[in-house]
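Engineer: Could you have a look at this structure, given as structure tokens, before my questions?
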Amino acid sequence: MKTKNKIFTILLTSCVAFSTAQTSKFTFDLDGSPTNIKIQPTMYGIFFEDINFAADGGIYAELIKNRSFEFDEPLMGWKQQNTKTLSPNLDSGFLTIYSDHSKTNKNYARITVYNDKNYILENEGFWGIGLHQGAKYDFSFDLENVSGNISAVNASLVDENGTVISTVPILIKGKGWQKYTAVFSPSRMVEKAKLQITFTGKGVVNMDMISLFPQDTWKGRKGGLRKDLVQKLYDLQPGFLRFPGGCIVEGRTLAERYQWKKTLGNVADREYLINKWSSGFAHRLTPDYYQSFGLGFYEYFQLSEDLGAEPLPILSCGMACQFNTAELVHLEELNPYVQDALDLIEFANGNESTKWGKIRAEMGHPKPFNMKYIGVGNEQWGEDYIERYKIFEKAIHAKYPDIKIISGSGPSPDGEFFEYGWKELKKLNAQIVDEHYYNSPEWFTKNAGRYDAYDRSGPKVFAGEYAAQSVGVVKPDNKNNWQTALSEAAFMTGLERNADVVTMTSYAPLFAHADGWQWTPDLIWFNNLQSYATPNYYVQKLFSNNKGTDLIRISENGNAVKGQNQLFASAVEDSKNNEVIIKIVNTDSQEKLIEINPKNIKIGSKLTKTTLTASQLSAENNFQTENIKPLEENSLIKKGKFSVQIPSNSLVVLKVK
């Protein structure tokens, strides 16, 4: 009996010891004394680049690939078939590409029909065409009836087995180029449909701009943006939208750089350009990756306005991608590039009496966009960049002194080029320097104090591109798992704690098509029908939706909480909502009990606790389910000190009046 009691006592003592080891207790002091550090409205934003088919095939809702035959291989995306053999037997008809090089939209298709019972022209879409049951789709094309007796174009949407889902006949009348329209109403949902076109009658017609759009776009705009994808951006409550990239700003060559003026005006007249990422990665070559610029600079500004975000365009500084050709514009020939920047500011902010302000008004936006920021170059480095930056800065600020210019420190967060860039940009009193870092989760947690020692009187920091890489940079096996998201959350507490230096931040890349990606990881994944938010997205959302207005000090034993005991923390006041918001990240495998000790601040009794965590670090979200998403709970606390449980491997956001 005594032996049993002794064993029981030992077991009980062990259990208590084990329990204590499981839940360690720490005290954080929350000091409400004024820091005089504002959280900028631009603190958390969005970086958009047309990579991973983010624009065409993604947020730009056009469903037809190569709709106006403008790819370098004009029939890419199209296929001609004989209905009997389902083979490219052209005895029943054929297509020829005609070109008019005096036009930006230079190509059109001349279709000769010998046998209208057999000839089919088919478009594959972007890995198929996604169709929702009961939705409506606007179909349109331009056609010129050249000869013969073709009286109708018969358009059908078919599934992967060739079964017709929806069909519409369009009567052809008169001569000359005319625009024809119809509406599809699919009878069922299909992820990978195709468009098939047949003809009634025999003869010759010219066709161009064969287009298919869902009617249910963002804000119901015809020829607009994909609603579910924009909604996810809107839900982030972003402070800015950086566009159009990224390395596509630079181009592989200067001829392939992004030229914003070519993306304005009538959508049908915008000149196509091959996307830099079509051959960017050997593991995912995509020769059919082009930019139609249906999503152009006007649409980017409009999207920024829709999101309530500051527009942040990035322009070429006369340097092609230094990882590719590193082609340079001679300094004496740089003026057209500088003029592009000045003209862009006029386009965004000029009144209707100015040349470019008038163009903006004619496109449908008489009021200025009130642009405040512009970026010179993407992630260039070295003496060549600094020389060109000087010229841009002098010209821009001579005419527009209030515009804030984003400069760059190169593609890496350290090293010789990084150090040189910062040294020179400090000498030039640069306003905001863009830093990029793609690195391991361990790097992100170790660098939570990165900006603690930065010069408070120097340039501000834009953390313009960052994402934790689960395997390695430019590795196709990178995952958007909980470990990467958690490490980014730890790092972001350091960004927020240093809001007097860091004024803008954005994860990158933003979007990825499940069948068309080149780069991983990415914030939002989508296919032709659905999209899902990654754990990394929810980290971004929790920080952005809870950015606050003023920094508050939170510390343990007088020190910032930046990794001691695998805990990270930041705190803000939201003066608009009269709230204190505390963000705590626990990267330990054990839960922690945190006592919050308010000083020089009065807090209320209602606490909202939002927790983001996962069962294991390797966990991911997917199209079937988003297991990793925030969970919110409300409770009452005593005035003064209060305690909260912080689960293992979690991000917790606390809000109290």
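Residues in the structure tokens are numbered from 1 in each chain, the chains being A, B, ... in the order shown, and ligands are numbered from 1 in the order shown.
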Just the residues within 9 Å of Tyr385 of chain A, please, counting only C-alpha atoms, with nothing from its chain fewer than 6 positions along; format it as a PyMOL selection string.
Structural biologist: chain A and resi 317-319+377+408+421
Engineer: Output C-alpha atoms of each residue in that selection to a file, as a CSV table (one decimal), in the first residue's frame.
Structural biologist:
chain,number,residue,atom,x,y,z
A,317,CYS,CA,14.9,53.2,-65.6
A,318,GLY,CA,16.6,52.2,-68.9
A,319,MET,CA,18.0,48.9,-67.6
A,377,GLY,CA,13.5,50.7,-61.6
A,408,GLY,CA,15.9,50.1,-55.0
A,421,GLY,CA,23.1,50.8,-53.1
Engineer: Tell me, as a PyMOL selection string, which residues lie within 12 Å of Asn498 of chain A, counting only C-alpha atoms; anything in the same chain fewer than 5 positions away does not count.
Structural biologist: chain A and resi 35+37-40+43+448-456+460-463+491-493+503-505+550-553+560+562+569-572
Engineer: Would you export the selected residues with N, CA and C atoms as a CSV table (one decimal), in the first residue's frame, please?
Structural biologist:
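So the final result, stored in part-v8.csv, reads:
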chain,number,residue,atom,x,y,z
A,35,THR,N,4.8,57.1,-28.2
A,35,THR,CA,6.0,56.8,-28.9
A,35,THR,C,6.2,57.9,-30.0
A,37,ILE,N,5.3,57.6,-32.9
A,37,ILE,CA,5.5,56.8,-34.1
A,37,ILE,C,4.2,56.4,-34.8
A,38,LYS,N,4.0,56.9,-35.9
A,38,LYS,CA,2.7,56.6,-36.6
A,38,LYS,C,2.9,55.4,-37.5
A,39,ILE,N,1.8,54.6,-37.5
A,39,ILE,CA,1.7,53.5,-38.5
A,39,ILE,C,1.1,54.1,-39.8
A,40,GLN,N,1.9,54.1,-40.8
A,40,GLN,CA,1.5,54.7,-42.1
A,40,GLN,C,0.3,53.9,-42.7
A,43,MET,N,1.3,50.9,-44.7
A,43,MET,CA,2.2,49.9,-44.0
A,43,MET,C,2.1,48.5,-44.7
A,448,ALA,N,13.9,39.2,-37.3
A,448,ALA,CA,12.8,40.0,-36.7
A,448,ALA,C,13.3,41.3,-36.2
A,449,GLY,N,14.6,41.4,-35.8
A,449,GLY,CA,15.2,42.6,-35.3
A,449,GLY,C,16.0,43.4,-36.4
A,450,ARG,N,15.8,43.0,-37.7
A,450,ARG,CA,16.6,43.6,-38.7
A,450,ARG,C,16.6,45.1,-38.7
A,451,TYR,N,15.5,45.8,-38.5
A,451,TYR,CA,15.5,47.2,-38.6
A,451,TYR,C,15.7,48.0,-37.3
A,452,ASP,N,16.0,47.2,-36.2
A,452,ASP,CA,16.1,47.9,-34.9
A,452,ASP,C,17.3,48.9,-34.9
A,453,ALA,N,18.3,48.6,-35.7
A,453,ALA,CA,19.5,49.5,-35.7
A,453,ALA,C,19.6,50.4,-36.9
A,454,TYR,N,18.6,50.4,-37.8
A,454,TYR,CA,18.6,51.3,-39.0
A,454,TYR,C,18.6,52.7,-38.6
A,455,ASP,N,19.2,53.5,-39.4
A,455,ASP,CA,19.3,55.0,-39.2
A,455,ASP,C,18.0,55.6,-39.3
A,456,ARG,N,17.5,56.2,-38.2
A,456,ARG,CA,16.2,56.8,-38.1
A,456,ARG,C,16.1,58.1,-38.9
A,460,LYS,N,13.5,56.0,-45.7
A,460,LYS,CA,12.5,55.0,-45.2
A,460,LYS,C,12.6,53.7,-46.0
A,461,VAL,N,12.1,52.6,-45.5
A,461,VAL,CA,12.2,51.3,-46.1
A,461,VAL,C,10.9,50.8,-46.7
A,462,PHE,N,10.9,50.3,-47.9
A,462,PHE,CA,9.8,49.6,-48.5
A,462,PHE,C,10.2,48.1,-48.6
A,463,ALA,N,9.6,47.3,-47.7
A,463,ALA,CA,9.9,45.8,-47.9
A,463,ALA,C,9.0,45.3,-49.0
A,491,PHE,N,8.5,37.8,-38.5
A,491,PHE,CA,9.3,38.9,-39.1
A,491,PHE,C,8.5,40.2,-39.2
A,492,MET,N,7.2,40.0,-39.4
A,492,MET,CA,6.3,41.2,-39.6
A,492,MET,C,6.1,42.0,-38.3
A,493,THR,N,6.2,41.3,-37.1
A,493,THR,CA,6.2,42.0,-35.9
A,493,THR,C,7.4,43.0,-35.8
A,503,THR,N,7.9,51.8,-43.8
A,503,THR,CA,6.6,52.5,-44.1
A,503,THR,C,5.7,51.8,-45.1
A,504,MET,N,6.3,50.8,-45.8
A,504,MET,CA,5.5,50.0,-46.8
A,504,MET,C,6.0,48.6,-46.8
A,505,THR,N,5.1,47.6,-46.9
A,505,THR,CA,5.5,46.2,-47.0
A,505,THR,C,4.6,45.5,-47.9
A,550,ASP,N,-1.0,54.1,-34.3
A,550,ASP,CA,0.2,54.5,-33.6
A,550,ASP,C,0.9,53.4,-32.9
A,551,LEU,N,2.2,53.4,-32.9
A,551,LEU,CA,2.9,52.3,-32.3
A,551,LEU,C,2.9,52.4,-30.8
A,552,ILE,N,2.8,51.3,-30.1
A,552,ILE,CA,2.9,51.2,-28.7
A,552,ILE,C,4.0,50.2,-28.3
A,553,ARG,N,4.8,50.5,-27.3
A,553,ARG,CA,5.9,49.7,-26.9
A,553,ARG,C,5.3,48.4,-26.1
A,560,ALA,N,12.5,44.6,-26.3
A,560,ALA,CA,11.6,44.2,-27.4
A,560,ALA,C,11.5,42.7,-27.5
A,562,LYS,N,11.5,39.9,-29.5
A,562,LYS,CA,11.9,39.6,-30.9
A,562,LYS,C,12.6,38.3,-31.0
A,569,ALA,N,6.5,39.9,-30.7
A,569,ALA,CA,5.3,40.7,-30.4
A,569,ALA,C,5.5,42.1,-30.9
A,570,SER,N,4.4,42.7,-31.2
A,570,SER,CA,4.3,44.1,-31.5
A,570,SER,C,2.9,44.6,-31.1
A,571,ALA,N,2.8,45.9,-30.9
A,571,ALA,CA,1.5,46.5,-30.4
A,571,ALA,C,1.2,47.8,-31.0
A,572,VAL,N,0.0,48.1,-31.3
A,572,VAL,CA,-0.4,49.4,-31.8
A,572,VAL,C,-1.7,49.9,-31.1
Engineer: Would you mind reading off the distance between atom CA of Leu425 of chain A and atom CA of Ile403 of chain A, one decimal, in Å?
Structural biologist: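 About the pair atom CA of Leu425 of chain A and atom CA of Ile403 of chain A: they are 17.0 Å apart.
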Engineer: Contacts of Gly57 of chain A at 9 Å or less, counting only C-alpha atoms, minus same-chain residues fewer than 3 places along, as a ChimeraX atom specification?
Structural biologist: /A:53-54,60-65,125-127,513,516,528
Engineer: Print the selection's residues with N, CA and C atoms to a file, as a PDB file, in the first residue's frame.
Structural biologist:
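Saved result, result.pdb, follows:
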ATOM      1  N   PHE A  53       0.638  33.594 -64.617  1.00  0.00           N
ATOM      2  CA  PHE A  53      -0.622  33.892 -65.307  1.00  0.00           C
ATOM      3  C   PHE A  53      -1.570  34.669 -64.391  1.00  0.00           C
ATOM      4  N   ALA A  54      -1.010  35.653 -63.702  1.00  0.00           N
ATOM      5  CA  ALA A  54      -1.793  36.460 -62.776  1.00  0.00           C
ATOM      6  C   ALA A  54      -2.742  37.405 -63.501  1.00  0.00           C
ATOM      7  N   TYR A  60      -7.531  39.203 -65.022  1.00  0.00           N
ATOM      8  CA  TYR A  60      -8.203  39.740 -66.207  1.00  0.00           C
ATOM      9  C   TYR A  60      -9.081  38.632 -66.754  1.00  0.00           C
ATOM     10  N   ALA A  61     -10.386  38.855 -66.772  1.00  0.00           N
ATOM     11  CA  ALA A  61     -11.352  37.752 -66.885  1.00  0.00           C
ATOM     12  C   ALA A  61     -11.571  37.223 -68.301  1.00  0.00           C
ATOM     13  N   GLU A  62     -10.827  37.696 -69.286  1.00  0.00           N
ATOM     14  CA  GLU A  62     -10.925  37.140 -70.642  1.00  0.00           C
ATOM     15  C   GLU A  62     -10.661  35.642 -70.611  1.00  0.00           C
ATOM     16  N   LEU A  63     -11.530  34.868 -71.298  1.00  0.00           N
ATOM     17  CA  LEU A  63     -11.433  33.404 -71.262  1.00  0.00           C
ATOM     18  C   LEU A  63     -10.832  32.813 -72.528  1.00  0.00           C
ATOM     19  N   ILE A  64     -10.607  33.640 -73.547  1.00  0.00           N
ATOM     20  CA  ILE A  64     -10.047  33.156 -74.813  1.00  0.00           C
ATOM     21  C   ILE A  64      -8.567  33.483 -74.874  1.00  0.00           C
ATOM     22  N   LYS A  65      -7.768  32.480 -75.152  1.00  0.00           N
ATOM     23  CA  LYS A  65      -6.335  32.696 -75.303  1.00  0.00           C
ATOM     24  C   LYS A  65      -6.024  33.172 -76.722  1.00  0.00           C
ATOM     25  N   GLY A 125      -8.669  28.084 -74.547  1.00  0.00           N
ATOM     26  CA  GLY A 125      -8.697  28.878 -73.329  1.00  0.00           C
ATOM     27  C   GLY A 125      -7.387  28.773 -72.580  1.00  0.00           C
ATOM     28  N   PHE A 126      -7.405  29.128 -71.317  1.00  0.00           N
ATOM     29  CA  PHE A 126      -6.225  29.027 -70.462  1.00  0.00           C
ATOM     30  C   PHE A 126      -6.355  27.756 -69.634  1.00  0.00           C
ATOM     31  N   TRP A 127      -5.762  26.658 -70.155  1.00  0.00           N
ATOM     32  CA  TRP A 127      -5.941  25.332 -69.549  1.00  0.00           C
ATOM     33  C   TRP A 127      -7.435  25.034 -69.437  1.00  0.00           C
ATOM     34  N   HIS A 513      -1.747  30.595 -61.003  1.00  0.00           N
ATOM     35  CA  HIS A 513      -2.696  29.660 -61.600  1.00  0.00           C
ATOM     36  C   HIS A 513      -2.204  28.246 -61.330  1.00  0.00           C
ATOM     37  N   GLY A 516      -0.669  26.946 -64.342  1.00  0.00           N
ATOM     38  CA  GLY A 516       0.204  27.803 -65.128  1.00  0.00           C
ATOM     39  C   GLY A 516       1.283  28.528 -64.359  1.00  0.00           C
ATOM     40  N   ASN A 528      -9.498  27.613 -62.910  1.00  0.00           N
ATOM     41  CA  ASN A 528     -10.478  28.271 -63.776  1.00  0.00           C
ATOM     42  C   ASN A 528     -11.809  28.562 -63.083  1.00  0.00           C
TER      43      ASN A 528
END
Engineer: Residues at most 6 Å from Leu121 of chain A, counting only C-alpha atoms, excluding those fewer than 6 positions away in the same chain, as a list in words?
Structural biologist: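 These residues fall inside the cut-off: Lys79, Gln80, Gln196 and Ile197 of chain A.
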Engineer: Using only C-alpha atoms, please write the residues we just selected to a file, as a PDB file, in the first residue's frame.
Structural biologist:
ATOM      1  CA  LYS A  79      -6.909  24.441 -83.526  1.00  0.00           C
ATOM      2  CA  GLN A  80      -8.672  23.616 -86.786  1.00  0.00           C
ATOM      3  CA  GLN A 196     -15.851  25.810 -80.936  1.00  0.00           C
ATOM      4  CA  ILE A 197     -16.847  27.927 -83.938  1.00  0.00           C
TER       5      ILE A 197
END
Engineer: List every residue of segment 215-330 of chain A that DSSP, applied to the backbone of this structure, places in alpha helix (DSSP H), and write the result as a ChimeraX atom specification.
Structural biologist: /A:227-235,297-307
Engineer: Restrict the selected residues to N, CA and C atoms and save them as a PDB file, in the first residue's frame.
Structural biologist:
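Okay, this is what ended up in again28.pdb:
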ATOM      1  N   LYS A 227     -14.026  38.397 -60.356  1.00  0.00           N
ATOM      2  CA  LYS A 227     -14.619  38.895 -59.117  1.00  0.00           C
ATOM      3  C   LYS A 227     -14.022  38.257 -57.871  1.00  0.00           C
ATOM      4  N   ASP A 228     -13.867  36.935 -57.840  1.00  0.00           N
ATOM      5  CA  ASP A 228     -13.406  36.272 -56.617  1.00  0.00           C
ATOM      6  C   ASP A 228     -11.970  36.657 -56.283  1.00  0.00           C
ATOM      7  N   LEU A 229     -11.162  36.902 -57.314  1.00  0.00           N
ATOM      8  CA  LEU A 229      -9.769  37.255 -57.064  1.00  0.00           C
ATOM      9  C   LEU A 229      -9.642  38.680 -56.547  1.00  0.00           C
ATOM     10  N   VAL A 230     -10.397  39.606 -57.134  1.00  0.00           N
ATOM     11  CA  VAL A 230     -10.349  40.983 -56.635  1.00  0.00           C
ATOM     12  C   VAL A 230     -10.918  41.060 -55.216  1.00  0.00           C
ATOM     13  N   GLN A 231     -11.934  40.268 -54.930  1.00  0.00           N
ATOM     14  CA  GLN A 231     -12.515  40.281 -53.588  1.00  0.00           C
ATOM     15  C   GLN A 231     -11.472  39.922 -52.533  1.00  0.00           C
ATOM     16  N   LYS A 232     -10.626  38.957 -52.848  1.00  0.00           N
ATOM     17  CA  LYS A 232      -9.571  38.583 -51.901  1.00  0.00           C
ATOM     18  C   LYS A 232      -8.594  39.735 -51.679  1.00  0.00           C
ATOM     19  N   LEU A 233      -8.340  40.503 -52.728  1.00  0.00           N
ATOM     20  CA  LEU A 233      -7.476  41.677 -52.567  1.00  0.00           C
ATOM     21  C   LEU A 233      -8.170  42.736 -51.723  1.00  0.00           C
ATOM     22  N   TYR A 234      -9.438  42.958 -51.993  1.00  0.00           N
ATOM     23  CA  TYR A 234     -10.218  43.952 -51.244  1.00  0.00           C
ATOM     24  C   TYR A 234     -10.247  43.613 -49.755  1.00  0.00           C
ATOM     25  N   ASP A 235     -10.378  42.326 -49.454  1.00  0.00           N
ATOM     26  CA  ASP A 235     -10.469  41.883 -48.067  1.00  0.00           C
ATOM     27  C   ASP A 235      -9.169  42.111 -47.292  1.00  0.00           C
ATOM     28  N   PHE A 297      -2.445  50.163 -67.589  1.00  0.00           N
ATOM     29  CA  PHE A 297      -2.208  51.129 -66.518  1.00  0.00           C
ATOM     30  C   PHE A 297      -3.484  51.830 -66.067  1.00  0.00           C
ATOM     31  N   TYR A 298      -4.382  52.117 -66.970  1.00  0.00           N
ATOM     32  CA  TYR A 298      -5.649  52.723 -66.553  1.00  0.00           C
ATOM     33  C   TYR A 298      -6.394  51.787 -65.608  1.00  0.00           C
ATOM     34  N   GLU A 299      -6.432  50.510 -65.962  1.00  0.00           N
ATOM     35  CA  GLU A 299      -7.136  49.522 -65.136  1.00  0.00           C
ATOM     36  C   GLU A 299      -6.437  49.325 -63.788  1.00  0.00           C
ATOM     37  N   TYR A 300      -5.100  49.410 -63.774  1.00  0.00           N
ATOM     38  CA  TYR A 300      -4.389  49.319 -62.495  1.00  0.00           C
ATOM     39  C   TYR A 300      -4.761  50.483 -61.572  1.00  0.00           C
ATOM     40  N   PHE A 301      -4.797  51.696 -62.135  1.00  0.00           N
ATOM     41  CA  PHE A 301      -5.192  52.857 -61.328  1.00  0.00           C
ATOM     42  C   PHE A 301      -6.636  52.705 -60.841  1.00  0.00           C
ATOM     43  N   GLN A 302      -7.488  52.219 -61.724  1.00  0.00           N
ATOM     44  CA  GLN A 302      -8.889  52.013 -61.359  1.00  0.00           C
ATOM     45  C   GLN A 302      -9.002  50.975 -60.247  1.00  0.00           C
ATOM     46  N   LEU A 303      -8.230  49.901 -60.349  1.00  0.00           N
ATOM     47  CA  LEU A 303      -8.240  48.868 -59.314  1.00  0.00           C
ATOM     48  C   LEU A 303      -7.743  49.434 -57.989  1.00  0.00           C
ATOM     49  N   SER A 304      -6.689  50.238 -58.025  1.00  0.00           N
ATOM     50  CA  SER A 304      -6.190  50.864 -56.802  1.00  0.00           C
ATOM     51  C   SER A 304      -7.299  51.661 -56.132  1.00  0.00           C
ATOM     52  N   GLU A 305      -8.024  52.418 -56.930  1.00  0.00           N
ATOM     53  CA  GLU A 305      -9.120  53.227 -56.408  1.00  0.00           C
ATOM     54  C   GLU A 305     -10.211  52.336 -55.809  1.00  0.00           C
ATOM     55  N   ASP A 306     -10.538  51.256 -56.492  1.00  0.00           N
ATOM     56  CA  ASP A 306     -11.549  50.320 -55.983  1.00  0.00           C
ATOM     57  C   ASP A 306     -11.142  49.752 -54.620  1.00  0.00           C
ATOM     58  N   LEU A 307      -9.850  49.472 -54.466  1.00  0.00           N
ATOM     59  CA  LEU A 307      -9.363  48.838 -53.245  1.00  0.00           C
ATOM     60  C   LEU A 307      -9.129  49.840 -52.122  1.00  0.00           C
TER      61      LEU A 307
END
Engineer: Mind checking which residues fall within 7 Å of segment 103-111 of chain A, counting only C-alpha atoms, ignoring those fewer than 6 positions away in the same chain, and posting them as a list of chain:residue names?
Structural biologist: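 Everything that qualifies: A:Ser68, A:Phe69, A:Glu70, A:Phe94, A:Leu95, A:Thr96, A:Ile97, A:Val204, A:Val205, A:Asn206, A:Met207, A:Asp208, A:Ala268, A:Asp269, A:Arg270, A:Glu271.
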Engineer: Since we have the selection now, will you write its residues out, keeping C-alpha atoms, as a PDB file, in the first residue's frame?
Structural biologist:
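For reference, selection31.pdb as written:
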ATOM      1  CA  SER A  68      -6.822  38.422 -81.813  1.00  0.00           C
ATOM      2  CA  PHE A  69      -4.115  36.123 -83.200  1.00  0.00           C
ATOM      3  CA  GLU A  70      -1.318  38.411 -82.003  1.00  0.00           C
ATOM      4  CA  PHE A  94      -8.636  26.537 -93.545  1.00  0.00           C
ATOM      5  CA  LEU A  95      -7.402  29.653 -91.798  1.00  0.00           C
ATOM      6  CA  THR A  96      -4.732  32.101 -92.937  1.00  0.00           C
ATOM      7  CA  ILE A  97      -3.251  34.981 -90.944  1.00  0.00           C
ATOM      8  CA  VAL A 204     -14.546  33.604 -96.914  1.00  0.00           C
ATOM      9  CA  VAL A 205     -14.722  35.755 -93.773  1.00  0.00           C
ATOM     10  CA  ASN A 206     -12.174  37.747 -91.783  1.00  0.00           C
ATOM     11  CA  MET A 207     -12.349  37.470 -87.971  1.00  0.00           C
ATOM     12  CA  ASP A 208     -10.614  39.256 -85.114  1.00  0.00           C
ATOM     13  CA  ALA A 268      -8.604  45.944 -79.039  1.00  0.00           C
ATOM     14  CA  ASP A 269      -5.786  48.263 -80.157  1.00  0.00           C
ATOM     15  CA  ARG A 270      -3.312  47.431 -77.414  1.00  0.00           C
ATOM     16  CA  GLU A 271      -0.171  45.792 -78.738  1.00  0.00           C
TER      17      GLU A 271
END
Engineer: What lies within 6 Å of segment 247-258 of chain A using only C-alpha atoms, ignoring chain neighbours under 6 positions off, as a ChimeraX atom specification?
Structural biologist: /A:276,316,320-321,324
